[in-house]
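Note: the block below is protein-v6.pdb and it holds PDB, C-alpha atoms and all ligand atoms.
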ATOM      1  CA  MET K  29      36.202  53.875  12.872
ATOM      2  CA  LYS K  30      38.271  53.028  15.961
ATOM      3  CA  GLY K  31      39.409  49.394  16.498
ATOM      4  CA  ASN K  32      36.925  48.456  19.207
ATOM      5  CA  THR K  33      33.971  50.246  17.728
ATOM      6  CA  ARG K  34      34.692  48.693  14.348
ATOM      7  CA  ARG K  35      34.901  45.160  15.821
ATOM      8  CA  SER K  36      31.646  45.592  17.677
ATOM      9  CA  PHE K  37      30.035  46.984  14.492
ATOM     10  CA  ILE K  38      31.129  43.895  12.533
ATOM     11  CA  LYS K  39      29.956  41.628  15.355
ATOM     12  CA  LYS K  40      26.554  43.290  15.480
ATOM     13  CA  THR K  41      26.175  43.153  11.708
ATOM     14  CA  VAL K  42      27.075  39.465  11.537
ATOM     15  CA  LEU K  43      24.768  38.565  14.420
ATOM     16  CA  GLY K  44      22.033  40.765  13.001
ATOM     17  CA  GLY K  45      22.432  39.040   9.652
ATOM     18  CA  LEU K  46      22.139  35.624  11.273
ATOM     19  CA  ALA K  47      19.077  36.637  13.233
ATOM     20  CA  PHE K  48      17.274  37.435  10.004
ATOM     21  CA  SER K  49      18.640  34.522   7.958
ATOM     22  CA  THR K  50      16.598  31.508   6.921
ATOM     23  CA  SER K  51      17.834  28.174   8.245
ATOM     24  CA  SER K  52      19.262  27.222   4.838
ATOM     25  CA  GLU K  53      21.313  30.429   4.745
ATOM     26  CA  ILE K  54      22.651  29.698   8.221
ATOM     27  CA  PHE K  55      23.668  26.220   7.109
ATOM     28  CA  SER K  56      25.374  27.428   3.959
ATOM     29  CA  LYS K  57      27.341  30.019   5.955
ATOM     30  CA  THR K  58      28.518  27.594   8.576
ATOM     31  CA  ALA K  59      28.994  24.354   6.620
ATOM     32  CA  PRO K  60      30.276  24.762   3.091
ATOM     33  CA  ASN K  61      31.155  21.060   2.662
ATOM     34  CA  VAL K  62      28.088  19.188   1.554
ATOM     35  CA  THR K  63      28.096  15.447   0.859
ATOM     36  CA  LYS K  64      25.801  14.959  -2.116
ATOM     37  CA  PRO K  65      24.216  13.079  -3.594
ATOM     38  CA  ILE K  66      23.498  10.739  -0.701
ATOM     39  CA  VAL K  67      20.670   8.421   0.286
ATOM     40  CA  ILE K  68      19.859   6.709   3.599
ATOM     41  CA  SER K  69      17.230   4.047   4.241
ATOM     42  CA  THR K  70      16.099   1.611   6.911
ATOM     43  CA  TRP K  71      16.976  -2.091   7.303
ATOM     44  CA  LYS K  72      19.022  -4.440   5.156
ATOM     45  CA  TRP K  73      16.728  -4.143   2.128
ATOM     46  CA  GLY K  74      17.769  -0.510   2.172
ATOM     47  CA  ILE K  75      20.844  -1.695   0.252
ATOM     48  CA  ASP K  76      18.847  -2.770  -2.832
ATOM     49  CA  ALA K  77      16.533   0.215  -2.514
ATOM     50  CA  ASN K  78      19.498   2.612  -2.224
ATOM     51  CA  ALA K  79      21.099   1.042  -5.304
ATOM     52  CA  GLU K  80      18.006   1.902  -7.350
ATOM     53  CA  ALA K  81      17.767   5.392  -5.846
ATOM     54  CA  TRP K  82      21.460   5.911  -6.573
ATOM     55  CA  LYS K  83      20.899   5.271 -10.314
ATOM     56  CA  VAL K  84      18.555   8.279 -10.333
ATOM     57  CA  LEU K  85      20.787  10.479  -8.161
ATOM     58  CA  GLN K  86      23.940   9.705 -10.102
ATOM     59  CA  GLN K  87      22.321  10.796 -13.363
ATOM     60  CA  ASP K  88      21.480  14.211 -11.889
ATOM     61  CA  GLY K  89      17.949  13.002 -11.158
ATOM     62  CA  LYS K  90      15.728  14.509  -8.509
ATOM     63  CA  ALA K  91      15.614  13.242  -4.940
ATOM     64  CA  ILE K  92      11.837  12.799  -5.188
ATOM     65  CA  ASP K  93      12.251  10.380  -8.136
ATOM     66  CA  ALA K  94      15.125   8.610  -6.392
ATOM     67  CA  VAL K  95      13.133   7.866  -3.235
ATOM     68  CA  GLU K  96      10.077   6.716  -5.175
ATOM     69  CA  GLN K  97      12.106   4.393  -7.419
ATOM     70  CA  GLY K  98      14.181   3.219  -4.461
ATOM     71  CA  VAL K  99      11.410   2.082  -2.137
ATOM     72  CA  ARG K 100       9.496   0.466  -5.015
ATOM     73  CA  VAL K 101      12.227  -2.191  -5.012
ATOM     74  CA  SER K 102      11.277  -3.288  -1.460
ATOM     75  CA  GLU K 103       7.559  -3.021  -2.236
ATOM     76  CA  SER K 104       7.950  -5.372  -5.194
ATOM     77  CA  ASP K 105      10.190  -7.895  -3.403
ATOM     78  CA  PRO K 106       8.183 -10.841  -1.997
ATOM     79  CA  ASN K 107      11.026 -11.627   0.414
ATOM     80  CA  VAL K 108      10.539  -8.357   2.268
ATOM     81  CA  THR K 109       7.672  -9.486   4.462
ATOM     82  CA  SER K 110       6.604  -6.135   5.865
ATOM     83  CA  VAL K 111       6.481  -3.974   2.744
ATOM     84  CA  GLY K 112       4.141  -4.254  -0.258
ATOM     85  CA  TYR K 113       3.912  -7.555  -2.145
ATOM     86  CA  GLY K 114       4.718 -10.508   0.148
ATOM     87  CA  GLY K 115       3.954  -8.520   3.302
ATOM     88  CA  LEU K 116       2.406 -10.429   6.186
ATOM     89  CA  PRO K 117      -1.337  -9.810   6.480
ATOM     90  CA  ASP K 118      -3.592  -8.528   9.254
ATOM     91  CA  ARG K 119      -5.557 -10.746  11.665
ATOM     92  CA  GLU K 120      -8.131 -11.426   8.943
ATOM     93  CA  GLY K 121      -5.550 -12.542   6.404
ATOM     94  CA  ARG K 122      -5.812  -9.310   4.401
ATOM     95  CA  LEU K 123      -2.810  -7.273   3.378
ATOM     96  CA  THR K 124      -3.321  -3.519   3.806
ATOM     97  CA  LEU K 125      -0.612  -1.061   2.874
ATOM     98  CA  ASP K 126       0.444   2.407   4.084
ATOM     99  CA  ALA K 127       2.855   4.790   2.316
ATOM    100  CA  SER K 128       3.891   8.440   2.198
ATOM    101  CA  ILE K 129       6.167  10.675   0.149
ATOM    102  CA  MET K 130       7.367  14.266   0.570
ATOM    103  CA  ASP K 131       9.310  16.510  -1.806
ATOM    104  CA  GLU K 132      11.619  19.507  -1.598
ATOM    105  CA  THR K 133       8.778  22.008  -1.870
ATOM    106  CA  GLY K 134       7.002  20.610   1.177
ATOM    107  CA  ASN K 135       4.397  18.886  -0.966
ATOM    108  CA  CYS K 136       3.370  15.477   0.244
ATOM    109  CA  GLY K 137       1.047  12.599  -0.516
ATOM    110  CA  SER K 138       0.033   9.454   1.290
ATOM    111  CA  VAL K 139      -2.183   6.399   1.167
ATOM    112  CA  ALA K 140      -3.422   4.327   4.078
ATOM    113  CA  PHE K 141      -5.255   1.018   4.410
ATOM    114  CA  LEU K 142      -4.801   0.380   0.688
ATOM    115  CA  GLU K 143      -5.426  -3.156  -0.574
ATOM    116  CA  SER K 144      -4.328  -5.064  -3.709
ATOM    117  CA  ILE K 145      -2.099  -2.391  -5.275
ATOM    118  CA  LYS K 146       1.552  -3.401  -5.511
ATOM    119  CA  ASN K 147       3.314  -0.042  -5.320
ATOM    120  CA  PRO K 148       1.508   2.183  -2.823
ATOM    121  CA  ILE K 149       4.369   4.715  -2.880
ATOM    122  CA  SER K 150       3.538   5.550  -6.497
ATOM    123  CA  VAL K 151      -0.123   5.985  -5.572
ATOM    124  CA  ALA K 152       1.002   8.352  -2.769
ATOM    125  CA  ARG K 153       3.088  10.237  -5.325
ATOM    126  CA  LEU K 154       0.044  10.620  -7.587
ATOM    127  CA  VAL K 155      -2.047  11.855  -4.652
ATOM    128  CA  MET K 156       0.669  14.487  -4.173
ATOM    129  CA  ASP K 157       1.048  15.380  -7.844
ATOM    130  CA  LYS K 158      -2.527  15.125  -9.141
ATOM    131  CA  THR K 159      -4.936  15.939  -6.318
ATOM    132  CA  PRO K 160      -5.482  18.858  -3.953
ATOM    133  CA  HIS K 161      -5.283  16.361  -1.052
ATOM    134  CA  VAL K 162      -2.527  14.867   1.058
ATOM    135  CA  MET K 163      -4.032  11.529   2.032
ATOM    136  CA  LEU K 164      -6.397   8.962   0.554
ATOM    137  CA  ALA K 165      -7.444   5.854   2.455
ATOM    138  CA  GLY K 166      -9.033   2.451   1.950
ATOM    139  CA  ALA K 167     -11.523   1.888  -0.852
ATOM    140  CA  GLY K 168     -11.193   5.489  -2.034
ATOM    141  CA  ALA K 169      -7.419   5.151  -2.371
ATOM    142  CA  LYS K 170      -7.858   1.923  -4.305
ATOM    143  CA  LYS K 171     -10.470   3.473  -6.631
ATOM    144  CA  PHE K 172      -8.094   6.401  -7.275
ATOM    145  CA  ALA K 173      -5.255   3.964  -8.042
ATOM    146  CA  LEU K 174      -7.373   1.904 -10.452
ATOM    147  CA  GLU K 175      -8.612   5.044 -12.206
ATOM    148  CA  ASN K 176      -4.987   6.045 -12.700
ATOM    149  CA  GLY K 177      -3.816   2.858 -14.363
ATOM    150  CA  PHE K 178      -2.719   0.721 -11.403
ATOM    151  CA  LYS K 179      -3.708  -2.965 -11.541
ATOM    152  CA  GLU K 180      -5.563  -4.902  -8.886
ATOM    153  CA  GLU K 181      -3.406  -7.840  -7.765
ATOM    154  CA  ASN K 182      -3.439 -10.463  -5.053
ATOM    155  CA  LEU K 183      -0.428  -9.458  -2.963
ATOM    156  CA  VAL K 184      -0.710 -12.187  -0.313
ATOM    157  CA  THR K 185       1.893 -14.736  -1.354
ATOM    158  CA  PRO K 186       1.363 -18.460  -0.579
ATOM    159  CA  ASP K 187       4.168 -18.186   1.981
ATOM    160  CA  ALA K 188       2.506 -15.244   3.765
ATOM    161  CA  LYS K 189      -0.804 -17.118   3.771
ATOM    162  CA  THR K 190       0.797 -20.190   5.351
ATOM    163  CA  LYS K 191       2.428 -18.052   8.082
ATOM    164  CA  TRP K 192      -0.905 -16.383   8.815
ATOM    165  CA  GLN K 193      -2.658 -19.759   9.076
ATOM    166  CA  GLU K 194       0.010 -20.977  11.524
ATOM    167  CA  TRP K 195      -0.382 -17.792  13.582
ATOM    168  CA  ILE K 196      -4.134 -18.308  13.856
ATOM    169  CA  LYS K 197      -3.593 -21.818  15.231
ATOM    170  CA  GLU K 198      -0.986 -20.743  17.762
ATOM    171  CA  ASN K 199      -2.164 -17.322  18.870
ATOM    172  CA  ASN K 200      -5.890 -17.415  18.751
ATOM    173  CA  TYR K 201      -6.229 -14.159  16.779
ATOM    174  CA  ASP K 202      -4.525 -11.967  19.368
ATOM    175  CA  PRO K 203      -3.456  -8.777  17.545
ATOM    176  CA  ASN K 204      -2.585  -7.016  20.800
ATOM    177  CA  TYR K 205       0.834  -8.608  21.003
ATOM    178  CA  ILE K 206       3.428  -6.474  19.217
ATOM    179  CA  ASP K 207       6.558  -8.379  18.365
ATOM    180  CA  PRO K 208       9.604  -6.127  18.905
ATOM    181  CA  HIS K 209      11.557  -8.156  16.335
ATOM    182  CA  ASN K 210       9.131  -7.780  13.462
ATOM    183  CA  HIS K 211       9.728  -4.327  12.015
ATOM    184  CA  ASP K 212      10.609  -3.899   8.408
ATOM    185  CA  THR K 213       9.192  -0.654   7.087
ATOM    186  CA  ILE K 214      11.381   1.023   4.505
ATOM    187  CA  GLY K 215      11.929   4.722   5.086
ATOM    188  CA  MET K 216      14.296   6.612   2.778
ATOM    189  CA  ILE K 217      15.672  10.164   2.626
ATOM    190  CA  ALA K 218      17.767  11.433  -0.303
ATOM    191  CA  LEU K 219      19.747  14.582  -1.067
ATOM    192  CA  ASP K 220      20.317  15.105  -4.790
ATOM    193  CA  LYS K 221      23.104  16.848  -6.706
ATOM    194  CA  GLN K 222      21.073  20.055  -6.749
ATOM    195  CA  GLY K 223      21.039  19.950  -2.961
ATOM    196  CA  ASN K 224      17.328  19.135  -2.674
ATOM    197  CA  LEU K 225      15.884  16.699  -0.139
ATOM    198  CA  SER K 226      12.946  14.298  -0.443
ATOM    199  CA  GLY K 227      11.709  11.246   1.454
ATOM    200  CA  ALA K 228       9.496   8.165   1.189
ATOM    201  CA  CYS K 229       8.143   5.602   3.614
ATOM    202  CA  THR K 230       6.171   2.423   2.820
ATOM    203  CA  THR K 231       4.972  -0.600   4.804
ATOM    204  CA  SER K 232       2.417  -3.341   5.259
ATOM    205  CA  GLY K 233       2.478  -2.343   8.924
ATOM    206  CA  LEU K 234       2.482  -4.665  11.878
ATOM    207  CA  ARG K 235       1.740  -8.258  10.968
ATOM    208  CA  TRP K 236      -1.494  -9.673  12.396
ATOM    209  CA  LYS K 237      -2.713  -6.134  13.208
ATOM    210  CA  TYR K 238      -6.415  -5.348  13.624
ATOM    211  CA  HIS K 239      -8.139  -5.023  10.273
ATOM    212  CA  GLY K 240      -8.326  -1.272   9.640
ATOM    213  CA  ARG K 241      -5.268  -0.390  11.711
ATOM    214  CA  VAL K 242      -3.142   2.392  10.204
ATOM    215  CA  GLY K 243       0.374   3.026  11.489
ATOM    216  CA  ASP K 244       2.806   5.922  11.464
ATOM    217  CA  SER K 245       4.194   5.417   7.958
ATOM    218  CA  PRO K 246       1.485   7.319   6.012
ATOM    219  CA  ILE K 247       1.172  10.058   8.643
ATOM    220  CA  ILE K 248       3.212  13.073   7.581
ATOM    221  CA  GLY K 249       5.327  14.146  10.549
ATOM    222  CA  ALA K 250       5.170  10.704  12.186
ATOM    223  CA  GLY K 251       6.664   8.123   9.776
ATOM    224  CA  LEU K 252       8.198  10.737   7.466
ATOM    225  CA  TYR K 253       9.029  14.422   7.372
ATOM    226  CA  VAL K 254      11.198  16.570   5.101
ATOM    227  CA  ASP K 255      11.993  20.272   5.189
ATOM    228  CA  ASN K 256      14.291  21.230   2.342
ATOM    229  CA  ALA K 257      15.873  24.028   4.414
ATOM    230  CA  VAL K 258      16.921  21.639   7.154
ATOM    231  CA  GLY K 259      16.729  17.863   6.587
ATOM    232  CA  GLY K 260      14.501  14.822   6.605
ATOM    233  CA  ALA K 261      13.702  11.898   8.897
ATOM    234  CA  ALA K 262      11.843   8.581   8.751
ATOM    235  CA  ALA K 263      10.710   6.024  11.302
ATOM    236  CA  THR K 264      10.313   2.295  11.667
ATOM    237  CA  GLY K 265       9.046   0.199  14.543
ATOM    238  CA  LYS K 266       5.881   0.380  16.588
ATOM    239  CA  GLY K 267       3.899   2.993  14.701
ATOM    240  CA  GLU K 268       1.646   3.819  17.631
ATOM    241  CA  ALA K 269       4.664   4.952  19.661
ATOM    242  CA  VAL K 270       5.838   7.199  16.808
ATOM    243  CA  MET K 271       2.372   8.664  16.184
ATOM    244  CA  LYS K 272       2.173   9.730  19.822
ATOM    245  CA  MET K 273       5.201  12.022  19.466
ATOM    246  CA  LEU K 274       5.390  12.837  15.713
ATOM    247  CA  GLY K 275       8.930  11.503  15.668
ATOM    248  CA  SER K 276      10.037  12.524  12.182
ATOM    249  CA  PHE K 277       8.734  16.073  12.571
ATOM    250  CA  LEU K 278      10.428  16.336  15.957
ATOM    251  CA  ILE K 279      13.772  15.242  14.491
ATOM    252  CA  VAL K 280      13.566  17.816  11.691
ATOM    253  CA  GLU K 281      12.708  20.556  14.197
ATOM    254  CA  LEU K 282      15.625  19.526  16.420
ATOM    255  CA  MET K 283      17.942  19.736  13.404
ATOM    256  CA  ARG K 284      16.497  23.186  12.654
ATOM    257  CA  GLN K 285      17.567  24.213  16.152
ATOM    258  CA  GLY K 286      21.118  23.138  15.357
ATOM    259  CA  LYS K 287      21.250  19.499  16.449
ATOM    260  CA  SER K 288      23.132  17.069  14.221
ATOM    261  CA  PRO K 289      21.044  14.287  12.620
ATOM    262  CA  GLN K 290      22.541  11.843  15.130
ATOM    263  CA  GLU K 291      21.763  14.037  18.146
ATOM    264  CA  ALA K 292      18.239  14.651  16.858
ATOM    265  CA  CYS K 293      17.533  10.904  16.437
ATOM    266  CA  GLU K 294      18.866  10.222  19.950
ATOM    267  CA  LEU K 295      16.728  12.972  21.493
ATOM    268  CA  ALA K 296      13.625  11.631  19.745
ATOM    269  CA  ILE K 297      14.222   8.121  21.119
ATOM    270  CA  LYS K 298      14.815   9.602  24.580
ATOM    271  CA  ARG K 299      11.509  11.446  24.274
ATOM    272  CA  ILE K 300       9.759   8.100  23.717
ATOM    273  CA  ALA K 301      11.555   6.604  26.726
ATOM    274  CA  GLU K 302      10.510   9.556  28.906
ATOM    275  CA  LYS K 303       6.881   9.601  27.883
ATOM    276  CA  GLN K 304       6.021   5.974  27.165
ATOM    277  CA  LYS K 305       6.569   3.804  30.194
ATOM    278  CA  ASP K 306       6.465   0.495  28.292
ATOM    279  CA  TYR K 307       9.196   1.533  25.841
ATOM    280  CA  LYS K 308      11.380  -1.482  26.671
ATOM    281  CA  GLU K 309       8.737  -3.771  25.225
ATOM    282  CA  PHE K 310       8.863  -2.465  21.681
ATOM    283  CA  GLN K 311      11.228  -1.205  19.017
ATOM    284  CA  VAL K 312      11.392   2.172  17.280
ATOM    285  CA  GLY K 313      14.214   3.238  14.965
ATOM    286  CA  PHE K 314      14.798   6.595  13.293
ATOM    287  CA  ILE K 315      17.018   7.696  10.413
ATOM    288  CA  ALA K 316      17.835  11.294   9.486
ATOM    289  CA  LEU K 317      19.732  13.222   6.823
ATOM    290  CA  ASN K 318      20.430  16.943   6.864
ATOM    291  CA  LYS K 319      21.005  19.529   4.169
ATOM    292  CA  GLN K 320      24.794  19.012   4.428
ATOM    293  CA  GLY K 321      24.469  15.292   3.710
ATOM    294  CA  LYS K 322      25.191  14.253   7.316
ATOM    295  CA  THR K 323      23.340  11.165   8.510
ATOM    296  CA  GLY K 324      22.019   9.911  11.833
ATOM    297  CA  ALA K 325      20.272   6.798  13.162
ATOM    298  CA  TYR K 326      19.179   5.592  16.581
ATOM    299  CA  ALA K 327      16.811   2.989  18.022
ATOM    300  CA  ILE K 328      15.347   1.876  21.331
ATOM    301  CA  ARG K 329      16.711  -1.673  21.031
ATOM    302  CA  ARG K 330      19.616  -3.384  19.364
ATOM    303  CA  ASN K 331      19.505  -4.854  15.841
ATOM    304  CA  PHE K 332      18.307  -1.754  14.009
ATOM    305  CA  LYS K 333      20.205  -1.504  10.736
ATOM    306  CA  TYR K 334      20.262   1.160   8.070
ATOM    307  CA  ALA K 335      21.901   1.604   4.672
ATOM    308  CA  VAL K 336      23.768   4.631   3.350
ATOM    309  CA  ALA K 337      24.854   5.176  -0.265
ATOM    310  CA  ASN K 338      27.103   7.982  -1.472
ATOM    311  CA  LYS K 339      30.020   8.283  -3.903
ATOM    312  CA  ASP K 340      32.088   5.964  -1.673
ATOM    313  CA  GLY K 341      29.641   3.045  -1.912
ATOM    314  CA  ASN K 342      26.480   1.564  -0.444
ATOM    315  CA  SER K 343      26.839  -0.022   2.976
ATOM    316  CA  LEU K 344      24.776  -1.453   5.790
ATOM    317  CA  LYS K 345      25.387  -0.038   9.254
ATOM    318  CA  ASP K 346      24.411  -1.015  12.793
ATOM    319  CA  SER K 347      22.564   1.711  14.604
ATOM    320  CA  ASN K 348      23.393   2.558  18.201
ATOM    321  CA  HIS K 349      20.561   2.009  20.653
ATOM    322  CA  PHE K 350      19.133   3.287  23.924
ATOM    323  CA  THR K 351      18.580   0.127  25.976
TER     324      THR K 351
HETATM  325  N1  LIG K 401       6.128   1.486  11.581
HETATM  326  C1  LIG K 401       5.342   0.437  10.991
HETATM  327  C2  LIG K 401       3.937   0.508  11.488
HETATM  328  O1  LIG K 401       3.741   0.682  12.671
HETATM  329  C3  LIG K 401       5.850  -0.941  11.249
HETATM  330  C4  LIG K 401       7.268  -1.265  10.997
HETATM  331  O2  LIG K 401       8.145  -0.404  10.916
HETATM  332  O3  LIG K 401       7.550  -2.442  10.835
HETATM  333  O4  LIG K 401       3.038   0.316  10.702
END

Will you turn the file into C-alpha cells for me?
Amino acid sequence: MKGNTRRSFIKKTVLGGLAFSTSSEIFSKTAPNVTKPIVISTWKWGIDANAEAWKVLQQDGKAIDAVEQGVRVSESDPNVTSVGYGGLPDREGRLTLDASIMDETGNCGSVAFLESIKNPISVARLVMDKTPHVMLAGAGAKKFALENGFKEENLVTPDAKTKWQEWIKENNYDPNYIDPHNHDTIGMIALDKQGNLSGACTTSGLRWKYHGRVGDSPIIGAGLYVDNAVGGAAATGKGEAVMKMLGSFLIVELMRQGKSPQEACELAIKRIAEKQKDYKEFQVGFIALNKQGKTGAYAIRRNFKYAVANKDGNSLKDSNHFT
C-alpha cells in the first residue's frame, strides 16, 4: 500500500472504529489514567460520609455499598439538619424524607415522602434490590420499610421542634419562602477499584415545606443520575429548579458528549440561569464524577462546598459559582 493510501486507510479504520464504539470504549482509548477509587459528596458533612464510603472502597468493596454506607452517616447525624434524623420538619411539624440510589447496572430505587424511618437510603436500596419498582412513596414506602425490618422512630429532635415552633411564631406558616442558605442534601457519587460507578442522594428537603412536597432528591435524573459508561451526578439546592431541567441526567449526557465533569456542571447551572428568570433568588449546586475519576462541581451562588476522598486524602473544597 502506498504511503498516502495507507495513512488514509488507517485514519478511516480508526474513525470507523470510534464511530461504532460504546462511550466506555472511547474513554478507555483516550484516557488510560483513571483515578480510583474515589468518592465525591456535597457539603461539609460529605467529609464524614466520604470517610465511611472510603472504608468500603479501600477494601475492594462495591461503589453501591460505599454510597449507601456513606450517606447513612449524614442521615443518622442529628446535627445535619436537612438529612434524616434531626432534619427540620415541614410546615406542619412533620419530618418527611426523600432518597434515591443508583448502581452500575442502571438499576435504581427511591423513596419519597417517607416518615419515621431513620435511614431512607437503605429503604431505597431495598426498593431497588427487592421489588420490580423504582419508587415507593408515603405510607406505602413506610409499610414496605416496616415489613422489611426497619423500625418506626420519632426523628424530630427537640431542637428541630423548637426551631419549628419559633418559625411558626415569626413567619405565620409561609412555606412559599425558600431560603437560599438552607440547603443540605447529601449527594454522593463513587467509583470503585473495579471501575464501577454508583450514586446516592438523601434529604429531608426544604425546611417548612408544604406537607406532601417532594423535591428533586428521589427523582432519578433530577437529584441523582449514574451511567456506568460515562459518569454520575447529584444535585442540592432548590429541588423545584432541578426537577424542571433534570439536572443530573443533563450532566451525565453532557459528559457522554465529551464534556469534562466541571464543564458539564457549569453548563447545567447556565441552563438554569437561561430558563429560570428568578435564578438569583435561590441556590442549586451540582457535583459530578466521570469514569476516569475526574470530578466537577458548580453552583449558582457562593458557599457551595463539596468533599472529595481518594488515595491522597479526604478534603473539603469550595465550589466555583455563577453569580
Ligand atoms: N434539593 C433538596 C430539595 O429540594 C433540598 C436541599 O438540597 O437542601 O428537597

Given the PyMOL selection byres (((chain K and resi 170-178) around 10) and not hetatm), the residues it picks as a PDB file with C-alpha atoms, in the frame of the given file:
ATOM      1  CA  VAL K 139      -2.183   6.399   1.167  1.00  0.00           C
ATOM      2  CA  ALA K 140      -3.422   4.327   4.078  1.00  0.00           C
ATOM      3  CA  PHE K 141      -5.255   1.018   4.410  1.00  0.00           C
ATOM      4  CA  LEU K 142      -4.801   0.380   0.688  1.00  0.00           C
ATOM      5  CA  GLU K 143      -5.426  -3.156  -0.574  1.00  0.00           C
ATOM      6  CA  SER K 144      -4.328  -5.064  -3.709  1.00  0.00           C
ATOM      7  CA  ILE K 145      -2.099  -2.391  -5.275  1.00  0.00           C
ATOM      8  CA  LYS K 146       1.552  -3.401  -5.511  1.00  0.00           C
ATOM      9  CA  ASN K 147       3.314  -0.042  -5.320  1.00  0.00           C
ATOM     10  CA  PRO K 148       1.508   2.183  -2.823  1.00  0.00           C
ATOM     11  CA  SER K 150       3.538   5.550  -6.497  1.00  0.00           C
ATOM     12  CA  VAL K 151      -0.123   5.985  -5.572  1.00  0.00           C
ATOM     13  CA  ALA K 152       1.002   8.352  -2.769  1.00  0.00           C
ATOM     14  CA  LEU K 154       0.044  10.620  -7.587  1.00  0.00           C
ATOM     15  CA  VAL K 155      -2.047  11.855  -4.652  1.00  0.00           C
ATOM     16  CA  LEU K 164      -6.397   8.962   0.554  1.00  0.00           C
ATOM     17  CA  ALA K 165      -7.444   5.854   2.455  1.00  0.00           C
ATOM     18  CA  GLY K 166      -9.033   2.451   1.950  1.00  0.00           C
ATOM     19  CA  ALA K 167     -11.523   1.888  -0.852  1.00  0.00           C
ATOM     20  CA  GLY K 168     -11.193   5.489  -2.034  1.00  0.00           C
ATOM     21  CA  ALA K 169      -7.419   5.151  -2.371  1.00  0.00           C
ATOM     22  CA  LYS K 179      -3.708  -2.965 -11.541  1.00  0.00           C
ATOM     23  CA  GLU K 180      -5.563  -4.902  -8.886  1.00  0.00           C
ATOM     24  CA  GLU K 181      -3.406  -7.840  -7.765  1.00  0.00           C
TER      25      GLU K 181
END

Pull out every residue that the PyMOL selection byres (((chain K and resi 206-222) around 6) and not hetatm) matches in the shown coordinates and put them as a ChimeraX atom specification. /K:64-70,85,90-91,110,205,223-231,262,264-265,310-311

Option closest in space to ligand LIG 401 (chain K), from K:Gln285, K:Ser276, K:Gln320, K:Ser343 [counting all atoms listed in the file]: K:Ser276

Taking into account all atoms listed in the file, which residue in the set K:Leu123, K:Ile149, K:Ile300, K:Ala263 is nearest to ligand LIG 401 (chain K)? K:Ala263

From the list K:Ile75, K:Leu125, K:Met163, K:Val280, which residue is nearest ligand LIG 401 (chain K) when using only C-alpha atoms and all ligand atoms?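 Closest to ligand LIG 401 (chain K), using only C-alpha atoms and all ligand atoms: K:Leu125.
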
For the provided coordinates, the residues matched by the PyMOL selection byres (((chain K and resi 135-137) around 7) and not hetatm) should be stated as an MDAnalysis selection string. chainID K and resid 128:131 133:134 138 152:153 155:156 162:163

Would you mind listing, for every residue of region 85-121 of chain K within 8 Å of region 236-244 of chain K, the two atoms forming the shortest contact and the distance between them in Å to one decimal, using only C-alpha atoms, sorted by chain and ascending residue number, as a tab-separated table?
residue	atom	partner	partner_atom	distance
K:Leu116	CA	K:Trp236	CA	7.4
K:Pro117	CA	K:Trp236	CA	5.9
K:Asp118	CA	K:Trp236	CA	3.9
K:Arg119	CA	K:Trp236	CA	4.3
K:Glu120	CA	K:His239	CA	6.5
K:Gly121	CA	K:Trp236	CA	7.8

Using all atoms listed in the file - which residues lie no farther than 12 Å from the point (7.8, -10.9, 3.0) in the file's frame? Write them as a count of residues only. 36

Which residue out of K:Lys287, K:His161, K:Lys272, K:Arg100 has the minimum interatomic distance to ligand LIG 401 (chain K) when only C-alpha atoms and all ligand atoms are used?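 Ranking K:Lys287, K:His161, K:Lys272, K:Arg100 by distance to ligand LIG 401 (chain K), first place goes to K:Lys272.
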
Atom-to-atom span, CA of Val62 (chain K) and CA of Ala335 (chain K), Å: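 It comes out at 18.9 Å.
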
In Å, with one decimal, what is the gap from CA of Ala127 (chain K) to CA of Ile247 (chain K)? 8.4 Å

Grab the CA of Glu198 (chain K) to CA of Arg122 (chain K) distance for me, in Å with one decimal place.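 Separating CA of Glu198 (chain K) from CA of Arg122 (chain K) is a distance of 18.2 Å.
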
Nearest to ligand LIG 401 (chain K) among K:Asn182, K:Ala250, K:Ala261, K:Glu268, with distances taken over only C-alpha atoms and all ligand atoms: which residue is it?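 The shortest atom-to-atom distance to ligand LIG 401 (chain K) comes from K:Glu268.
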
Could the centre and edge lengths of an axis-aligned box, enclosing all atoms of ligand LIG 401 (chain K) in the file with 8 Å extra on each side, be given in Å to one decimal as lines of an AutoDock Vina configuration file?
center_x = 5.6
center_y = -0.5
center_z = 11.7
size_x = 21.1
size_y = 19.9
size_z = 18.0

Have a look at K:Glu194, K:Glu281, K:Asp157, K:Asp126 and name the one nearest to ligand LIG 401 (chain K); count only C-alpha atoms and all ligand atoms.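 Among K:Glu194, K:Glu281, K:Asp157, K:Asp126, it is K:Asp126 that comes nearest to ligand LIG 401 (chain K).
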
Give me the residues near Ala301 (chain K) as a PyMOL selection string, where near means some atom within 12 Å (using all atoms listed in the file) and where sequence neighbours in that chain fewer than 5 positions away do not count. chain K and resi 269-270+273+294-296+306-312+327-329+349-351
